[in-house]
Amino acid sequence: MTMPLGHIIILPIVLPLFVGAVLLLFRDQNKVAKAVATGATMAALIVVSIVLLFLTGAGADNGWLGVYLLGNWSPIFGIVLVADRTAAVMLTLTSVLGAAAMIFASARWNGAGPHFHSLFLFLIVGVNGAFLTGDLFNLFVFFEIMLAASYGLLLHASTVAKVRSGLHYIAINLVASFIFLIGVSLIYGVTGTLNMAELAMRAPEIADADRMLFEVGAAVLGTAFLIKAGMWPLCFWLPSAYSAAVSPVAAIFAILSKVGIYVVWRMSLLIFGLETGPSAGLAQNWLLIGGLVTLVFGSVGVLASQSLARLTSYAVIVSSGTMLVSIGIGGVEVAAGAFYYMVGSTLALAALFMLVELIERGRMAGADVLAVTMEAFGFEDEDALPDEEEVGIPIPGKLALLGISFIACALLIAGMPPFSGFIAKFAILTGIIGINAGETGVPIAGADWVAVALLIISGLAVLIAMLRGGINTFWATREDMTPTIGVVEIVPITMLIGACLALTIFAGPAMGYFEAAAAELHNPVAYVDGVVSSTWVPYPGRGALP
């Protein structure tokens with residue numbers, strides 16, 4: 001790889017950081033110019049991430065591993081960025097989500113508070129950095145950048161509900177950052193390094209007397225990211241925070257829980273994989289149990305939710321539970337299906353967060369509570385019955401468009417055919433059943449059957465809850481309550497649903513890429529060798545270290 005093209009690895013961090021910093025110098029009244037600059041940045045990031053997607057997927061089975069040494073220092077001592085298939089997928093997902101959320105925000109929300117665009121771009125910096133970094137210290141740095149920006153975005157267009165939820169969110173994440181530092185300190189104290197590849201090499205060689213301290217540090221570190229991932233019982237803050245955020249912010253927040261999932265997934269396979277000695281498979285059973293309970297909690301939450309925003313927030317918890325169950329069970333086939341599910345569900349959840357705002361504009365205040373109360377006590381709204389001479393209910397075009405988008409999101413999130421959600425759930429279930437019952441003929445474990453049952457039941461729970469919400473919303477909406485919708489608001493929603501449709505149409509090539517990424521995650525030898533063996537670049541005419 002030539003050096004000019006090798007520099008592309010750092011662009012997902014430097015580009016939004018530079019543009020976000022420059023935008024701080026301009027007044028917020030220039031919101032059109034700021035929106036154009038932010039939109040152009042997100043478009044450039046989509047191009048960069050797609051290039052990385054093709055680069056990492058090209059070549060032999062292991063693909064291309066991009067290692068970028070910041071400051072030209074050895075990876076053992078300096079900052080290192082690593083781009084592989086998994087990182088490229090997450091960067092692409094972040095870029096597409098960010099572009100859609102930015103388009104939606106340009107309609108009204110980007111002017112509802114100070115420095116929205118800079119905060120938005122700094123959030124992208126933190127998320128992209130977390131996906132690219134190859135050491136725990138800089139993972140903490142990017143984690144803090146991401147959280148600091150998310151605090152400002154959550155409090156954007158402040159209301160009492162947003163301030164109350166935002167303060168809870170800030171308090172919880174400050175605790176998570178504190179726990180993060182404790183875990184990192186324990187790991188560094190035992191191993192003497194925070195480079196992930198170096199940790200993978202040293203983990204099998206840790207003395208027995210120090211191993212307990214190392215595993216405690218890893219468990220504490222994992223707890224910090226499980227808070228962000230939304231695993232029960234660490235997810236109590238999530239429904240209130242996500243449902244209180246303005247729609248484009250909630251849409252981009254859909255990727256934040258995946259940052260926690262990504263780090264837990266990467267660390268558990270890189271440092272505690274099958275070839276890592278006595279600590280192999282550390283806490284994998286706990287991830288499975290936590291994922292199963294999270295699925296139950298999320299399913300109950302979606303059924304009990306009385307507003308669409310809160311229902312969508314609990315659907316995020318169901319999505320996290322599905323991912324944690326997949327990580328806990330393990331296996332390349334399950335991981336490939338989980339990759340496919342993570343991309344599709346995140347796109348659909350972001351689209352639904354934005355769609356909910358458009359739907360709510362045409363509804364009476366308290367309509368959800370009234371509908372659920374009537375349903376629970378068997379009351380009928382006699383005033384809503386049509387006159388005897390009236391045939392049918394007029395369906396305005398805007399409501400029809402919102403209704404179709406809502407149905408598509410419901411089918412995607414619930415995992416119903418014919419969209420990508422069904423293909424992903426089918427791949428995960430096939431992988432779970434095939435792990436033990438394949439060629440070995442070993443009976444399927446009881447926990448696997450429980451996982452299969454809960455994955456199916458959670459999908460049905462989401463489908464029932466969304467059908468009920470859709471019926472109460474669209475069938476109870478009158479013609480004079482048709483919401484006003486801007487073109488820039490419906491375009492990003494159709495863009496995200498279209499991406500899910502493309503994922504369905506090109507399921508074969510997409511699944512092939514995800515299978516390669518999953519195999520790469522489960523066999524990190526190439527990752528470790530690539531990082532450890534990377535060398536600094538000689539300076540022209542000097543050939544010596546700076």
# chains A, B, ... in the order shown; residues from 1 in each chain; ligands from 1

$ select_by_dssp --residues "range 163-381 of chain A" --states "helix (DSSP H, G or I)" --output "ChimeraX atom specification"
/A:163-191,196-205,208-229,238-244,247-253,256-270,277-279,284-304,308-329,332-361,367-377

$ residues_around --residues "Leu303 in chain A" --least-positions-apart "2" --cutoff "8 Å" --atoms "only C-alpha atoms" --output "PyMOL selection string"
chain A and resi 299-301+305+311+461-462+464-465

$ write_last_selection --atoms "N, CA and C atoms" --output "PDB file, in the first residue's frame"
ATOM      1  N   SER A 299     -38.038  -6.870  25.509  1.00  0.00           N
ATOM      2  CA  SER A 299     -39.335  -7.307  24.968  1.00  0.00           C
ATOM      3  C   SER A 299     -40.484  -6.806  25.834  1.00  0.00           C
ATOM      4  N   VAL A 300     -40.328  -6.922  27.163  1.00  0.00           N
ATOM      5  CA  VAL A 300     -41.360  -6.406  28.072  1.00  0.00           C
ATOM      6  C   VAL A 300     -41.489  -4.892  27.904  1.00  0.00           C
ATOM      7  N   GLY A 301     -40.354  -4.244  27.728  1.00  0.00           N
ATOM      8  CA  GLY A 301     -40.360  -2.787  27.579  1.00  0.00           C
ATOM      9  C   GLY A 301     -41.113  -2.323  26.331  1.00  0.00           C
ATOM     10  N   SER A 305     -44.566  -0.036  26.445  1.00  0.00           N
ATOM     11  CA  SER A 305     -44.371   1.369  26.063  1.00  0.00           C
ATOM     12  C   SER A 305     -45.667   1.986  25.545  1.00  0.00           C
ATOM     13  N   LEU A 311     -40.993   3.217  22.732  1.00  0.00           N
ATOM     14  CA  LEU A 311     -40.978   1.876  22.121  1.00  0.00           C
ATOM     15  C   LEU A 311     -39.696   1.687  21.308  1.00  0.00           C
ATOM     16  N   ALA A 461     -42.563  -9.911  19.955  1.00  0.00           N
ATOM     17  CA  ALA A 461     -42.948  -8.826  20.872  1.00  0.00           C
ATOM     18  C   ALA A 461     -42.808  -7.466  20.197  1.00  0.00           C
ATOM     19  N   VAL A 462     -41.692  -7.280  19.484  1.00  0.00           N
ATOM     20  CA  VAL A 462     -41.493  -6.007  18.767  1.00  0.00           C
ATOM     21  C   VAL A 462     -42.559  -5.831  17.691  1.00  0.00           C
ATOM     22  N   ILE A 464     -45.645  -7.135  17.587  1.00  0.00           N
ATOM     23  CA  ILE A 464     -46.945  -6.856  18.205  1.00  0.00           C
ATOM     24  C   ILE A 464     -47.008  -5.406  18.688  1.00  0.00           C
ATOM     25  N   ALA A 465     -45.947  -4.964  19.362  1.00  0.00           N
ATOM     26  CA  ALA A 465     -45.941  -3.598  19.895  1.00  0.00           C
ATOM     27  C   ALA A 465     -46.012  -2.568  18.774  1.00  0.00           C
TER      28      ALA A 465
END

$ closest_residue --among "A:Leu70, A:Leu167, A:Ala507, A:Val216" --to "Phe422 in chain A" --atoms "only C-alpha atoms"
A:Ala507

$ residues_around --residues "Pro492 in chain A" --least-positions-apart "4" --cutoff "8 Å" --atoms "only C-alpha atoms" --output "ChimeraX atom specification"
/A:100-101,103-104,351,488,496

$ write_last_selection --atoms "N, CA and C atoms" --output "short mmCIF file (atom, residue, chain, number, x, y, z; two decimals), in the first residue's frame"
data_model
loop_
_atom_site.label_atom_id
_atom_site.label_comp_id
_atom_site.auth_asym_id
_atom_site.auth_seq_id
_atom_site.Cartn_x
_atom_site.Cartn_y
_atom_site.Cartn_z
N ALA A 100 -27.52 10.86 7.11
CA ALA A 100 -28.99 10.90 7.18
C ALA A 100 -29.47 11.79 8.32
N ALA A 101 -28.85 11.65 9.48
CA ALA A 101 -29.25 12.47 10.63
C ALA A 101 -28.98 13.95 10.37
N ILE A 103 -28.97 15.50 7.41
CA ILE A 103 -29.99 16.00 6.46
C ILE A 103 -31.29 16.29 7.21
N PHE A 104 -31.68 15.36 8.08
CA PHE A 104 -32.93 15.55 8.84
C PHE A 104 -32.82 16.77 9.76
N ALA A 351 -33.89 5.24 11.31
CA ALA A 351 -35.01 5.71 10.49
C ALA A 351 -36.27 5.85 11.32
N VAL A 488 -36.68 17.49 3.07
CA VAL A 488 -35.40 17.12 3.70
C VAL A 488 -35.60 16.24 4.92
N LEU A 496 -32.33 5.63 4.48
CA LEU A 496 -31.96 4.54 5.39
C LEU A 496 -32.74 3.26 5.08
#

$ atom_distance --atom1 "CA of Pro509 in chain A" --atom2 "CA of Gly421 in chain A"
16.1 Å

$ closest_residue --among "A:Pro418, A:Pro524, A:Gly459, A:Pro483" --to "Cys500 in chain A" --atoms "only C-alpha atoms"
A:Pro418

$ residues_around --residues "Gly403 in chain A" --least-positions-apart "2" --cutoff "12 Å" --atoms "only C-alpha atoms" --output "list of chain:residue names"
A:Leu352, A:Leu355, A:Val356, A:Leu358, A:Ile359, A:Ile395, A:Pro396, A:Gly397, A:Lys398, A:Leu399, A:Ala400, A:Leu401, A:Ser405, A:Phe406, A:Ile407, A:Ala408, A:Cys409, A:Ala410, A:Met466, A:Leu467, A:Gly469, A:Gly470, A:Ile471, A:Asn472, A:Thr473, A:Phe474, A:Trp475, A:Thr477, A:Thr482

$ atom_distance --atom1 "CA of Ile252 in chain A" --atom2 "CA of Gly290 in chain A"
24.8 Å
